[in-house]
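Engineer: My questions will all concern the structure given below.
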Amino acid sequence: MSENFAVATPVRVGIVGTGYAAQRRAEVFRGDRRSQLVSFWGNSEANTAKFADTFGVRPQQSWQALINDPEIDLVLIATINQLHGAIAEAALQAGKHVVLEYPLALTYAMGKKLQQLAREKGKLLHVEHIELLGGVHQAIRQNLGKIGEVFYARYSTIMGQNPAPQRWTYHHQQFGFPLVAALSRISRFTDLFGTVQQVDAQCRFWDQPNPEYFRACLATAYLQFNNGLKAEVIYGKGEVFHQNERIFTLHGDRGTLIFVGETGRLIQGQTETEITVGSRRGLFRQDTEAVLDYLTTGKPLYVDLEASLYALEVADLCAQACGYKVEN
């Protein structure tokens with residue numbers, strides 16, 4: 001985004017959520033002289049009490065009360081996926097800058113609506129994509145030219161979890177379509193390779209006794225890019241998986257890149273070269289500091305809203321290909 005909002009410091013912040021991401025953000029906001037953590041709202045009574053005690057800030061009675069607090073300039077949304085769109089819309093209407101953990105919304109249509117509203121209100125709307133800051137993605141960027149024309153890539157993330165918890169991450173409507181909820185899988189590809197020409201997808205759920213929840217899911221997207229690349233994106237989690245997997249493979253006409261977890265290799269003929277991968281630590285801090293840099297000095301963010309929206313559009317097309325219906 002090119003606008004410089006020139007927010008007065010300290011930027012007064014309210015956080016919606018009390019989980020891991022919210023805690024890491026709160027640490028930064030509390031420790032940076034450019035920001036002041038004013039208040040928060042949490043869905044869980046126990047987590048709310050702990051968050052208030054840890055960070056010394058008062059909780060609000062509802063997220064609606066938080067976004068309408070005149071003492072808040074910026075709303076950070078780190079709660080269940082289903083609420084992202086509604087909270088962001090209300091916060092923008094209330095004249096707040098908005099930062100969200102991905103996804104921006106559960107549908108592309110809602111994402112476009114939020115983009116337009118942010119423009120009308122002259123407010124920042126930023127979606128966190130820390131996967132783009134991480135060591136694996138940066139290592140791919142640095143080494144991609146060594147493998148020539150990339151014609152096939154496959155990114156698979158599988159997480160076994162038994163028993164599957166009956167919480168929002170396994171709730172159909174609260175979590176959303178798996179590749180929207182796990183948008184980073186799509187955004188890695190769109191960031192590296194640009195425009196998608198054709199989309200197909202398959203998705204399977206294993207049901208819980210309570211039909212609102214699932215005990216496992218497996219989603220696969222097949223993406224054909226304008227540059228000729230064919231890519232597969234695989235995301236699965238839950239009780240049916242007995243082996244975790246995180247593998248990113250890229251085949252080019254001059255070599256192959258393989259990343260297994262945080263370990264990378266460049267393969268060219270009979271030669272294998274180990275690739276150094278940076279740490280995953282501190283990525284929420286990097287994103288949070290980037291937001292403060294942007295709001296206070298106009299320094300460009302590492303990802304813009306158009307890129308976030310495009311990844312959401314591709315993921316939404318995958319959901320449509322599977323006949324998946326979701327309520328924002």
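Chain labels follow the order of the structure tokens: the first chain is A, the next B, and so on; residue numbering restarts at 1 in every chain, and ligands are counted from 1 in their shown order.
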DSSP says strand (DSSP E or B) for which residues of segment 41-206 of chain A? Put them as a ChimeraX atom specification?

Structural biologist: /A:41,58-59,74-77,97-101,125-128,150-160,171,196-206

Engineer: Sorted by chain and rising residue number, which residues of segment 144-212 of chain A lie within 12 Å of segment 293-306 of chain A, and what are their closest atom pairs and distances in Å to one decimal, counting only C-alpha atoms, as CSV?

Structural biologist:
```
residue,atom,partner,partner_atom,distance
A:Ser187,CA,A:Val303,CA,10.5
A:Arg188,CA,A:Val303,CA,11.6
A:Thr190,CA,A:Glu306,CA,11.4
A:Asp191,CA,A:Val303,CA,9.1
A:Gly194,CA,A:Glu306,CA,11.9
```

Engineer: For the residues selected in the previous step, produce a file with N, CA and C atoms as a tab-separated table (two decimals), in the first residue's frame.

Structural biologist:
```tsv
chain	number	residue	atom	x	y	z
A	187	SER	N	-0.66	-19.14	-0.40
A	187	SER	CA	0.05	-17.86	-0.57
A	187	SER	C	1.53	-18.05	-0.88
A	188	ARG	N	2.13	-19.14	-0.41
A	188	ARG	CA	3.53	-19.41	-0.77
A	188	ARG	C	3.67	-19.50	-2.29
A	190	THR	N	1.45	-18.40	-4.75
A	190	THR	CA	1.11	-17.19	-5.48
A	190	THR	C	2.19	-16.13	-5.31
A	191	ASP	N	2.85	-16.10	-4.15
A	191	ASP	CA	3.94	-15.16	-3.95
A	191	ASP	C	5.12	-15.48	-4.86
A	194	GLY	N	3.05	-16.19	-9.03
A	194	GLY	CA	2.12	-15.26	-9.66
A	194	GLY	C	0.74	-15.81	-9.92
```

Engineer: Would you pick out the contacts of Ile267 of chain A at 9 Å or less, using only C-alpha atoms, so that residues sharing its chain but fewer than 2 positions from it are not included, and give the list as an mmCIF file with N, CA, C and O atoms, in the first residue's frame?

Structural biologist:
```
data_model
loop_
_atom_site.group_PDB
_atom_site.id
_atom_site.type_symbol
_atom_site.label_atom_id
_atom_site.label_comp_id
_atom_site.auth_asym_id
_atom_site.auth_seq_id
_atom_site.Cartn_x
_atom_site.Cartn_y
_atom_site.Cartn_z
ATOM 1 N N ILE A 147 17.516 -23.745 -10.147
ATOM 2 C CA ILE A 147 16.918 -24.972 -10.698
ATOM 3 C C ILE A 147 16.234 -24.721 -12.041
ATOM 4 O O ILE A 147 15.547 -25.589 -12.573
ATOM 5 N N ARG A 254 16.798 -27.615 -14.312
ATOM 6 C CA ARG A 254 18.222 -27.656 -13.976
ATOM 7 C C ARG A 254 18.480 -28.131 -12.538
ATOM 8 O O ARG A 254 19.611 -28.061 -12.067
ATOM 9 N N GLY A 255 17.434 -28.622 -11.889
ATOM 10 C CA GLY A 255 17.648 -29.110 -10.533
ATOM 11 C C GLY A 255 16.355 -29.205 -9.743
ATOM 12 O O GLY A 255 15.269 -28.877 -10.239
ATOM 13 N N THR A 256 16.481 -29.672 -8.509
ATOM 14 C CA THR A 256 15.343 -29.859 -7.621
ATOM 15 C C THR A 256 15.658 -29.267 -6.254
ATOM 16 O O THR A 256 16.774 -29.423 -5.741
ATOM 17 N N LEU A 257 14.673 -28.604 -5.674
ATOM 18 C CA LEU A 257 14.759 -28.133 -4.297
ATOM 19 C C LEU A 257 13.811 -28.960 -3.439
ATOM 20 O O LEU A 257 12.645 -29.150 -3.812
ATOM 21 N N ILE A 258 14.310 -29.459 -2.304
ATOM 22 C CA ILE A 258 13.475 -30.222 -1.383
ATOM 23 C C ILE A 258 13.676 -29.680 0.028
ATOM 24 O O ILE A 258 14.801 -29.586 0.507
ATOM 25 N N ARG A 265 17.598 -29.021 0.702
ATOM 26 C CA ARG A 265 18.638 -29.571 -0.174
ATOM 27 C C ARG A 265 18.415 -29.077 -1.596
ATOM 28 O O ARG A 265 17.289 -28.988 -2.073
ATOM 29 N N GLY A 269 21.843 -33.155 -10.687
ATOM 30 C CA GLY A 269 22.559 -34.354 -11.119
ATOM 31 C C GLY A 269 22.927 -35.205 -9.913
ATOM 32 O O GLY A 269 22.085 -35.566 -9.097
ATOM 33 N N GLN A 270 24.217 -35.535 -9.785
ATOM 34 C CA GLN A 270 24.691 -36.343 -8.664
ATOM 35 C C GLN A 270 25.116 -35.484 -7.472
ATOM 36 O O GLN A 270 25.580 -36.011 -6.458
ATOM 37 N N THR A 271 24.933 -34.190 -7.580
ATOM 38 C CA THR A 271 25.398 -33.278 -6.535
ATOM 39 C C THR A 271 24.245 -32.829 -5.657
ATOM 40 O O THR A 271 23.204 -32.381 -6.154
ATOM 41 N N GLU A 272 24.443 -32.982 -4.350
ATOM 42 C CA GLU A 272 23.479 -32.482 -3.377
ATOM 43 C C GLU A 272 24.150 -31.431 -2.506
ATOM 44 O O GLU A 272 25.249 -31.647 -2.000
ATOM 45 N N THR A 273 23.472 -30.305 -2.334
ATOM 46 C CA THR A 273 24.004 -29.216 -1.521
ATOM 47 C C THR A 273 22.995 -28.889 -0.432
ATOM 48 O O THR A 273 21.816 -28.647 -0.719
ATOM 49 N N GLU A 274 23.473 -28.878 0.807
ATOM 50 C CA GLU A 274 22.588 -28.514 1.912
ATOM 51 C C GLU A 274 22.304 -27.022 1.874
ATOM 52 O O GLU A 274 23.178 -26.210 1.574
#
```

Engineer: Could you go through segment 7-152 of chain A and tell me which residues DSSP, when run on the backbone, assigns to helix (DSSP H, G or I), listing them as a PyMOL selection string?

Structural biologist: chain A and resi 20-31+45-55+63-67+81-93+108-121+130-132+135-147

Engineer: Those selected residues, please, written with C-alpha atoms and delivered as a PDB file, in the first residue's frame.

Structural biologist:
```
ATOM      1  CA  TYR A  20      -0.564 -17.894  20.973  1.00  0.00           C
ATOM      2  CA  ALA A  21      -0.569 -15.263  18.214  1.00  0.00           C
ATOM      3  CA  ALA A  22      -2.350 -12.729  20.423  1.00  0.00           C
ATOM      4  CA  GLN A  23       0.208 -13.282  23.187  1.00  0.00           C
ATOM      5  CA  ARG A  24       3.186 -12.824  20.863  1.00  0.00           C
ATOM      6  CA  ARG A  25       1.623  -9.611  19.515  1.00  0.00           C
ATOM      7  CA  ALA A  26       0.913  -8.330  23.002  1.00  0.00           C
ATOM      8  CA  GLU A  27       4.562  -8.822  23.956  1.00  0.00           C
ATOM      9  CA  VAL A  28       5.649  -6.612  21.068  1.00  0.00           C
ATOM     10  CA  PHE A  29       3.023  -3.924  21.568  1.00  0.00           C
ATOM     11  CA  ARG A  30       3.783  -3.722  25.275  1.00  0.00           C
ATOM     12  CA  GLY A  31       7.532  -3.530  24.715  1.00  0.00           C
ATOM     13  CA  GLU A  45     -13.004 -16.771  30.862  1.00  0.00           C
ATOM     14  CA  ALA A  46      -9.889 -18.609  32.065  1.00  0.00           C
ATOM     15  CA  ASN A  47      -7.706 -17.403  29.191  1.00  0.00           C
ATOM     16  CA  THR A  48      -9.017 -13.862  29.599  1.00  0.00           C
ATOM     17  CA  ALA A  49      -8.018 -13.788  33.270  1.00  0.00           C
ATOM     18  CA  LYS A  50      -4.554 -15.145  32.464  1.00  0.00           C
ATOM     19  CA  PHE A  51      -4.008 -12.686  29.598  1.00  0.00           C
ATOM     20  CA  ALA A  52      -5.068  -9.737  31.775  1.00  0.00           C
ATOM     21  CA  ASP A  53      -2.704 -10.825  34.531  1.00  0.00           C
ATOM     22  CA  THR A  54       0.226 -11.460  32.166  1.00  0.00           C
ATOM     23  CA  PHE A  55       0.024  -8.201  30.240  1.00  0.00           C
ATOM     24  CA  TRP A  63     -15.389  -7.506  20.823  1.00  0.00           C
ATOM     25  CA  GLN A  64     -18.033  -4.937  19.865  1.00  0.00           C
ATOM     26  CA  ALA A  65     -17.128  -2.879  22.947  1.00  0.00           C
ATOM     27  CA  LEU A  66     -13.444  -3.122  22.070  1.00  0.00           C
ATOM     28  CA  ILE A  67     -13.766  -1.865  18.504  1.00  0.00           C
ATOM     29  CA  ASN A  81     -11.674 -17.684  11.533  1.00  0.00           C
ATOM     30  CA  GLN A  82     -15.437 -17.327  11.228  1.00  0.00           C
ATOM     31  CA  LEU A  83     -15.373 -14.012  13.108  1.00  0.00           C
ATOM     32  CA  HIS A  84     -12.558 -12.390  11.103  1.00  0.00           C
ATOM     33  CA  GLY A  85     -14.725 -10.795   8.429  1.00  0.00           C
ATOM     34  CA  ALA A  86     -17.428  -9.470  10.771  1.00  0.00           C
ATOM     35  CA  ILE A  87     -14.966  -8.009  13.286  1.00  0.00           C
ATOM     36  CA  ALA A  88     -12.797  -6.437  10.580  1.00  0.00           C
ATOM     37  CA  GLU A  89     -15.851  -4.867   8.923  1.00  0.00           C
ATOM     38  CA  ALA A  90     -17.126  -3.431  12.197  1.00  0.00           C
ATOM     39  CA  ALA A  91     -13.658  -2.167  13.186  1.00  0.00           C
ATOM     40  CA  LEU A  92     -13.192  -0.385   9.854  1.00  0.00           C
ATOM     41  CA  GLN A  93     -16.666   1.136  10.159  1.00  0.00           C
ATOM     42  CA  TYR A 108     -13.171 -13.849  -1.391  1.00  0.00           C
ATOM     43  CA  ALA A 109     -16.386 -11.815  -1.710  1.00  0.00           C
ATOM     44  CA  MET A 110     -16.130 -10.749   1.909  1.00  0.00           C
ATOM     45  CA  GLY A 111     -12.435  -9.976   1.464  1.00  0.00           C
ATOM     46  CA  LYS A 112     -13.183  -7.643  -1.463  1.00  0.00           C
ATOM     47  CA  LYS A 113     -15.868  -5.930   0.595  1.00  0.00           C
ATOM     48  CA  LEU A 114     -13.355  -5.273   3.368  1.00  0.00           C
ATOM     49  CA  GLN A 115     -10.786  -3.963   0.889  1.00  0.00           C
ATOM     50  CA  GLN A 116     -13.282  -1.442  -0.462  1.00  0.00           C
ATOM     51  CA  LEU A 117     -14.305  -0.389   3.025  1.00  0.00           C
ATOM     52  CA  ALA A 118     -10.685   0.164   4.077  1.00  0.00           C
ATOM     53  CA  ARG A 119     -10.186   2.388   1.019  1.00  0.00           C
ATOM     54  CA  GLU A 120     -13.335   4.385   1.775  1.00  0.00           C
ATOM     55  CA  LYS A 121     -12.323   4.886   5.405  1.00  0.00           C
ATOM     56  CA  ILE A 130       4.519 -14.691   8.367  1.00  0.00           C
ATOM     57  CA  GLU A 131       5.143 -17.748   6.172  1.00  0.00           C
ATOM     58  CA  LEU A 132       6.586 -15.299   3.628  1.00  0.00           C
ATOM     59  CA  GLY A 135      13.341 -19.333   6.679  1.00  0.00           C
ATOM     60  CA  VAL A 136      11.978 -21.929   4.257  1.00  0.00           C
ATOM     61  CA  HIS A 137      10.280 -19.382   2.008  1.00  0.00           C
ATOM     62  CA  GLN A 138      13.298 -17.090   2.017  1.00  0.00           C
ATOM     63  CA  ALA A 139      15.581 -20.027   1.192  1.00  0.00           C
ATOM     64  CA  ILE A 140      13.331 -21.006  -1.724  1.00  0.00           C
ATOM     65  CA  ARG A 141      13.447 -17.447  -3.036  1.00  0.00           C
ATOM     66  CA  GLN A 142      17.235 -17.331  -2.795  1.00  0.00           C
ATOM     67  CA  ASN A 143      17.760 -20.664  -4.557  1.00  0.00           C
ATOM     68  CA  LEU A 144      14.906 -20.786  -7.056  1.00  0.00           C
ATOM     69  CA  GLY A 145      17.008 -19.459  -9.927  1.00  0.00           C
ATOM     70  CA  LYS A 146      19.446 -22.352  -9.542  1.00  0.00           C
ATOM     71  CA  ILE A 147      16.918 -24.972 -10.698  1.00  0.00           C
TER      72      ILE A 147
END
```

Engineer: Choose the residue, out of A:Ala290, A:Leu183, A:Asp32, A:Leu229, that has the smallest atom-to-atom separation from Thr107 of chain A; count only C-alpha atoms.

Structural biologist: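 Distance minimum relative to Thr107 of chain A lands on A:Leu183.
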
Engineer: To one decimal place, how far is atom CA of Phe225 of chain A from atom CA of Phe193 of chain A in Å?

Structural biologist: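 Atom-to-atom, atom CA of Phe225 of chain A to atom CA of Phe193 of chain A, that is 7.2 Å.
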
Engineer: Under the rule that only C-alpha atoms are counted, which of A:Leu266, A:Leu192, A:Val127, A:Leu104 is the nearest residue to Asp316 of chain A?

Structural biologist: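 Among the listed residues, A:Leu104 lies closest to Asp316 of chain A.
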
Engineer: Extract, using only C-alpha atoms, all DNA, RNA and protein residues at most 12 Å from Ala8 of chain A, discarding same-chain residues fewer than 4 positions from it, and format them as a list of chain:residue names.

Structural biologist: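 Counting only C-alpha atoms, the residues come to A:Asn4, A:Arg12, A:Arg33, A:Arg34, A:Ser35, A:Gln36, A:Ile72, A:Asp73, A:Leu74, A:Leu292, A:Leu295, A:Thr296, A:Thr297.
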
Engineer: Suppose we keep all heavy atoms; can you now write the selection as a compact mmCIF listing (two decimals), in the first residue's frame?

Structural biologist:
```txt
# COMPACT_ATOMS: atom_id res chain seq x y z
N ASN A 4 0.49 6.81 3.37
CA ASN A 4 1.17 6.94 4.66
C ASN A 4 0.14 7.51 5.63
O ASN A 4 -0.27 8.66 5.52
CB ASN A 4 2.37 7.88 4.54
CG ASN A 4 3.09 8.04 5.87
OD1 ASN A 4 2.68 7.48 6.88
ND2 ASN A 4 4.17 8.80 5.86
N ARG A 12 -2.39 3.20 19.82
CA ARG A 12 -3.16 2.55 20.89
C ARG A 12 -3.86 1.33 20.33
O ARG A 12 -4.63 1.43 19.38
CB ARG A 12 -4.14 3.55 21.48
CG ARG A 12 -3.45 4.79 22.08
CD ARG A 12 -4.44 5.87 22.43
NE ARG A 12 -5.19 6.33 21.25
CZ ARG A 12 -6.18 7.23 21.31
NH1 ARG A 12 -6.52 7.76 22.47
NH2 ARG A 12 -6.81 7.59 20.20
N ARG A 33 8.00 1.28 22.28
CA ARG A 33 7.60 2.62 22.72
C ARG A 33 6.66 3.30 21.72
O ARG A 33 6.01 4.30 22.05
CB ARG A 33 8.82 3.49 22.97
CG ARG A 33 9.73 3.66 21.78
CD ARG A 33 10.97 4.48 22.12
NE ARG A 33 11.93 4.53 21.03
CZ ARG A 33 11.82 5.31 19.98
NH1 ARG A 33 10.79 6.12 19.86
NH2 ARG A 33 12.74 5.29 19.03
N ARG A 34 6.57 2.77 20.50
CA ARG A 34 5.68 3.36 19.50
C ARG A 34 4.23 2.91 19.69
O ARG A 34 3.34 3.39 18.98
CB ARG A 34 6.14 2.99 18.09
CG ARG A 34 7.52 3.51 17.74
CD ARG A 34 7.98 2.95 16.42
NE ARG A 34 8.10 1.50 16.45
CZ ARG A 34 8.35 0.74 15.38
NH1 ARG A 34 8.51 1.32 14.20
NH2 ARG A 34 8.46 -0.57 15.50
N SER A 35 3.98 1.95 20.58
CA SER A 35 2.63 1.41 20.74
C SER A 35 2.27 1.28 22.21
O SER A 35 3.13 1.21 23.09
CB SER A 35 2.52 0.05 20.06
OG SER A 35 3.47 -0.87 20.59
N GLN A 36 0.96 1.22 22.46
CA GLN A 36 0.44 1.04 23.81
C GLN A 36 -0.70 0.02 23.73
O GLN A 36 -1.68 0.24 23.01
CB GLN A 36 -0.07 2.36 24.37
CG GLN A 36 -0.72 2.24 25.75
CD GLN A 36 -1.39 3.52 26.19
OE1 GLN A 36 -1.34 4.53 25.49
NE2 GLN A 36 -2.05 3.48 27.34
N ILE A 72 -8.81 3.47 21.23
CA ILE A 72 -8.09 2.49 20.42
C ILE A 72 -7.95 2.98 18.98
O ILE A 72 -8.92 3.43 18.38
CB ILE A 72 -8.79 1.12 20.46
CG1 ILE A 72 -8.63 0.50 21.86
CG2 ILE A 72 -8.26 0.17 19.39
CD1 ILE A 72 -9.39 -0.79 22.05
N ASP A 73 -6.73 2.90 18.45
CA ASP A 73 -6.46 3.28 17.06
C ASP A 73 -6.40 2.07 16.14
O ASP A 73 -6.75 2.16 14.96
CB ASP A 73 -5.10 3.99 16.96
CG ASP A 73 -4.98 5.19 17.88
OD1 ASP A 73 -5.88 6.05 17.83
OD2 ASP A 73 -4.00 5.25 18.64
N LEU A 74 -5.89 0.95 16.67
CA LEU A 74 -5.61 -0.24 15.86
C LEU A 74 -6.22 -1.46 16.53
O LEU A 74 -6.02 -1.69 17.73
CB LEU A 74 -4.09 -0.42 15.73
CG LEU A 74 -3.58 -1.75 15.16
CD1 LEU A 74 -3.96 -1.88 13.70
CD2 LEU A 74 -2.07 -1.87 15.34
N LEU A 292 3.96 -1.41 12.71
CA LEU A 292 4.28 -0.16 13.40
C LEU A 292 5.18 0.73 12.54
O LEU A 292 5.01 1.96 12.52
CB LEU A 292 4.94 -0.46 14.75
CG LEU A 292 4.02 -1.10 15.79
CD1 LEU A 292 4.81 -1.49 17.04
CD2 LEU A 292 2.87 -0.17 16.16
N LEU A 295 2.83 2.31 9.93
CA LEU A 295 1.92 3.32 10.46
C LEU A 295 2.64 4.59 10.92
O LEU A 295 2.07 5.68 10.85
CB LEU A 295 1.11 2.73 11.63
CG LEU A 295 0.02 1.74 11.26
CD1 LEU A 295 -0.60 1.14 12.51
CD2 LEU A 295 -1.07 2.40 10.40
N THR A 296 3.87 4.45 11.38
CA THR A 296 4.57 5.61 11.95
C THR A 296 5.55 6.28 10.99
O THR A 296 5.82 7.48 11.13
CB THR A 296 5.31 5.20 13.24
OG1 THR A 296 6.26 4.16 12.94
CG2 THR A 296 4.34 4.71 14.29
N THR A 297 6.07 5.53 10.01
CA THR A 297 7.06 6.12 9.10
C THR A 297 6.70 5.94 7.62
O THR A 297 7.36 6.51 6.76
CB THR A 297 8.45 5.49 9.32
OG1 THR A 297 8.45 4.13 8.85
CG2 THR A 297 8.85 5.52 10.79
```

Engineer: What is the distance, in Å and to one decimal place, between atom CA of Arg215 of chain A and atom CA of His129 of chain A?

Structural biologist: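 Atom CA of His129 of chain A lies 26.7 Å from atom CA of Arg215 of chain A.
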
Engineer: With only C-alpha atoms as the atoms that count, which of A:Thr169, A:Gln60, A:Ser184, A:Gln198 lies nearest to Leu312 of chain A?

Structural biologist: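 Closest candidate: A:Ser184.
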
Engineer: How many Å lie between atom CA of Phe214 of chain A and atom CA of Leu309 of chain A, rounded to one decimal?

Structural biologist: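 Rounded to one decimal, the two atoms are 27.2 Å apart.
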
Engineer: Tell me which of A:Val199, A:Leu125, A:Leu283, A:Val277 sits closest to Glu313 of chain A, counting only C-alpha atoms.

Structural biologist: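 Looking at the shortest contact to Glu313 of chain A, the residue is A:Val199.
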
Engineer: Could you list, as a ChimeraX atom specification, every residue within 8 Å of Arg204 of chain A, counting only C-alpha atoms and ignoring same-chain residues fewer than 3 positions away?

Structural biologist: /A:217-219

Engineer: Take the residues from that selection and put them in a file with C-alpha atoms, as a PDB file, in the first residue's frame.

Structural biologist:
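Writing the result to selection-v4.pdb gives the following:
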```
ATOM      1  CA  CYS A 217      -9.795 -33.521   6.909  1.00  0.00           C
ATOM      2  CA  LEU A 218      -7.749 -33.865   3.738  1.00  0.00           C
ATOM      3  CA  ALA A 219      -7.759 -31.161   1.060  1.00  0.00           C
TER       4      ALA A 219
END
```

Engineer: Choose the residue, out of A:Gln173, A:Phe189, A:Ala78, A:Ser156, that has the smallest atom-to-atom separation from Ser308 of chain A; count only C-alpha atoms.

Structural biologist: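 Of the candidates, the smallest distance to Ser308 of chain A is held by A:Phe189.
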
Engineer: Env of Pro165 of chain A: 10 Å cut, atoms = only C-alpha atoms, seq-sep filter 5 positions within chain, self excluded. Answer as a PyMOL selection string.

Structural biologist: chain A and resi 170-171+213-215+238-239

Engineer: Could you tell me which of A:Gly122, A:Gly160, A:Pro103, A:Gly261 comes closest to Gln174 of chain A if we count only C-alpha atoms?

Structural biologist: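 Smallest distance to Gln174 of chain A is found for A:Pro103.
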